[in-house]
Amino acid sequence: MLKVGFNGRFSGTKQPTGTQTAAFQLFDAIIRRERDVEIVVFADSRFPGIEAWKSAAKLQWVETPFQDWTRNRAQVWEQVNLPLAARSHDCSIVHHPITTSPVWRNGTKSVVTLHDLNFYRHPEWYSKSFRLAYKVCAVASVKRAERVVTISNYVRDQARESFRIPDDRLRMVYNGVKSMVSDAIPPGQYLLCVGSLQPHKNLARMIKAYLKVRPAYPGLELHVVGRPQAQFTTESELPSLLKADGVKLLGYLSEQELANAYAGARLFCYPSLEEGFGLPVLESMTLGGLVLTSNLSCLPEVSGPSAIFVDPTSVDGIADGIRAGLDLPEAERARRIAEGRAWAARFTWDAAAGEYLKIYDEIS
């Protein structure tokens, strides 16, 4: 039986971000699916939800204490120890779900899920140490992988252009959207932004746009979910803007708290400059959110026809989009919300799992 190793380095955090959550959801869907593949999991069972994997059929568990290690220690493990461990467990393929993977593979084949190329195309958004780490741990290994799986057509085109990866090694598989259930939340008078405080999330312009429209909508607040991350640079104006009247920085939220925040928002705002998939847009739609988002990168592809699209480089354009969303007649608002729910339902982790199982079979 084919054995596939699962690189669970994403499990090294207690507060997963979008990419780490997506990696867990993908592996969870593959593990739960009917399959003729044995899986060897290298992961930290303290990560939320992973403990349940230990009882799955056709699965070997290798406890790996990522949460006790520094980022550098985990990267060394990925580059050196993982290829050795995978071969010792008779894996012929190793799946790396968060872009990084080992350059030396010790005779195994690599499947790499490539979430975006921001680290390569926009180095100014990242710290020097992060850029160096990804140069070593991502660029060369992605170029050599037997299959590079992108999470949107937009990223696939970037991989073809920037890394010269031929089409026979490129695949596109959309992420899924986990079913989220909110508590009975009354509608709130707030705009919602979700995402780490990273430069490409475009929060400075978003806050300026909110401040432009706020006088016309008494009581309207802007709630920001997210936290700073050391590997990203910080927009110089952002700290002061986050202290502006009406802006509330909520920090990191639990899954239930996040679902409630989505459900209560009058308008979900995601005017990002660059995304590989844009999962928060679909999460908002599943919970009945009206969405404003960017007309750039993958977002028109992933967001579907119900979203309000804006030019994210224009504060006035974002402000106009906010006004359009807030002023929608209730019948049109309800129509867009229903259309968004139906659109988001097309993206399932079970469908993604099936596509990855086909990819393993292709290269076995």
# chains A, B, ... in the order shown; residues from 1 in each chain; ligands from 1
>>> closest_atom_pairs(of="region 133-212 of chain A", to="region 104-108 of chain A", cutoff="12 Å", atoms="only C-alpha atoms", output="JSON lines")
{"residue": "A:Val136", "atom": "CA", "partner": "A:Trp104", "partner_atom": "CA", "distance": 11.3}
{"residue": "A:Cys137", "atom": "CA", "partner": "A:Trp104", "partner_atom": "CA", "distance": 10.3}
{"residue": "A:Ala138", "atom": "CA", "partner": "A:Trp104", "partner_atom": "CA", "distance": 11.9}
{"residue": "A:Ala140", "atom": "CA", "partner": "A:Trp104", "partner_atom": "CA", "distance": 10.0}
{"residue": "A:Ser141", "atom": "CA", "partner": "A:Trp104", "partner_atom": "CA", "distance": 8.1}
{"residue": "A:Val142", "atom": "CA", "partner": "A:Trp104", "partner_atom": "CA", "distance": 11.6}
{"residue": "A:Arg144", "atom": "CA", "partner": "A:Trp104", "partner_atom": "CA", "distance": 10.0}
{"residue": "A:Ala145", "atom": "CA", "partner": "A:Arg105", "partner_atom": "CA", "distance": 9.7}
{"residue": "A:Glu146", "atom": "CA", "partner": "A:Thr108", "partner_atom": "CA", "distance": 9.9}
>>> residues_around(residues="Ala56 (chain A)", least_positions_apart="2", cutoff="10 Å", atoms="only C-alpha atoms", output="PyMOL selection string")
chain A and resi 31-33+39+52-54+58-61
>>> select_by_dssp(residues="region 67-236 of chain A", states="helix (DSSP H, G or I)", output="number ranges by chain")
A: 67-68, 71-88, 118-121, 123-125, 128-144, 153-163, 167-169, 199-201, 203-216
>>> closest_residue(among="A:Ala22, A:Ala216, A:Leu238, A:Cys91", to="Val40 (chain A)", atoms="only C-alpha atoms")
A:Cys91
>>> residues_around(residues="Ala265 (chain A)", least_positions_apart="6", cutoff="6 Å", atoms="only C-alpha atoms", output="JSON, numbers by chain")
{"A": [188, 190, 191, 192]}
>>> closest_residue(among="A:Val315, A:Leu2, A:Ile185, A:Pro199", to="Leu357 (chain A)", atoms="only C-alpha atoms")
A:Leu2
>>> closest_residue(among="A:Ala319, A:Val173, A:Cys193, A:Met285", to="Ser272 (chain A)", atoms="only C-alpha atoms")
A:Cys193
>>> decode(residues="region 203-219 of chain A", atoms="N, CA and C atoms", output="tab-separated table (two decimals), in the first residue's frame")
chain	number	residue	atom	x	y	z
A	203	LEU	N	-4.73	47.45	6.01
A	203	LEU	CA	-5.56	47.97	7.10
A	203	LEU	C	-5.49	49.50	7.22
A	204	ALA	N	-4.33	50.06	6.91
A	204	ALA	CA	-4.21	51.52	7.03
A	204	ALA	C	-5.23	52.21	6.12
A	205	ARG	N	-5.30	51.79	4.87
A	205	ARG	CA	-6.28	52.40	3.96
A	205	ARG	C	-7.70	52.07	4.41
A	206	MET	N	-7.91	50.86	4.89
A	206	MET	CA	-9.24	50.48	5.35
A	206	MET	C	-9.71	51.38	6.49
A	207	ILE	N	-8.83	51.65	7.44
A	207	ILE	CA	-9.21	52.50	8.57
A	207	ILE	C	-9.47	53.93	8.10
A	208	LYS	N	-8.63	54.44	7.20
A	208	LYS	CA	-8.86	55.78	6.67
A	208	LYS	C	-10.21	55.87	5.96
A	209	ALA	N	-10.56	54.82	5.22
A	209	ALA	CA	-11.86	54.80	4.53
A	209	ALA	C	-13.00	54.79	5.54
A	210	TYR	N	-12.85	53.99	6.58
A	210	TYR	CA	-13.87	53.96	7.64
A	210	TYR	C	-14.04	55.34	8.27
A	211	LEU	N	-12.93	56.01	8.56
A	211	LEU	CA	-13.00	57.33	9.19
A	211	LEU	C	-13.68	58.35	8.28
A	212	LYS	N	-13.58	58.14	6.96
A	212	LYS	CA	-14.26	59.03	6.02
A	212	LYS	C	-15.78	58.87	6.10
A	213	VAL	N	-16.25	57.62	6.25
A	213	VAL	CA	-17.69	57.39	6.19
A	213	VAL	C	-18.35	57.47	7.56
A	214	ARG	N	-17.58	57.38	8.61
A	214	ARG	CA	-18.13	57.28	9.97
A	214	ARG	C	-19.08	58.43	10.34
A	215	PRO	N	-18.79	59.68	9.99
A	215	PRO	CA	-19.71	60.76	10.40
A	215	PRO	C	-21.13	60.58	9.88
A	216	ALA	N	-21.30	59.92	8.75
A	216	ALA	CA	-22.63	59.75	8.18
A	216	ALA	C	-23.39	58.57	8.77
A	217	TYR	N	-22.71	57.76	9.59
A	217	TYR	CA	-23.34	56.55	10.16
A	217	TYR	C	-23.08	56.53	11.67
A	218	PRO	N	-23.86	57.28	12.43
A	218	PRO	CA	-23.62	57.39	13.88
A	218	PRO	C	-23.60	56.01	14.55
A	219	GLY	N	-22.60	55.80	15.38
A	219	GLY	CA	-22.49	54.56	16.12
A	219	GLY	C	-21.77	53.44	15.39
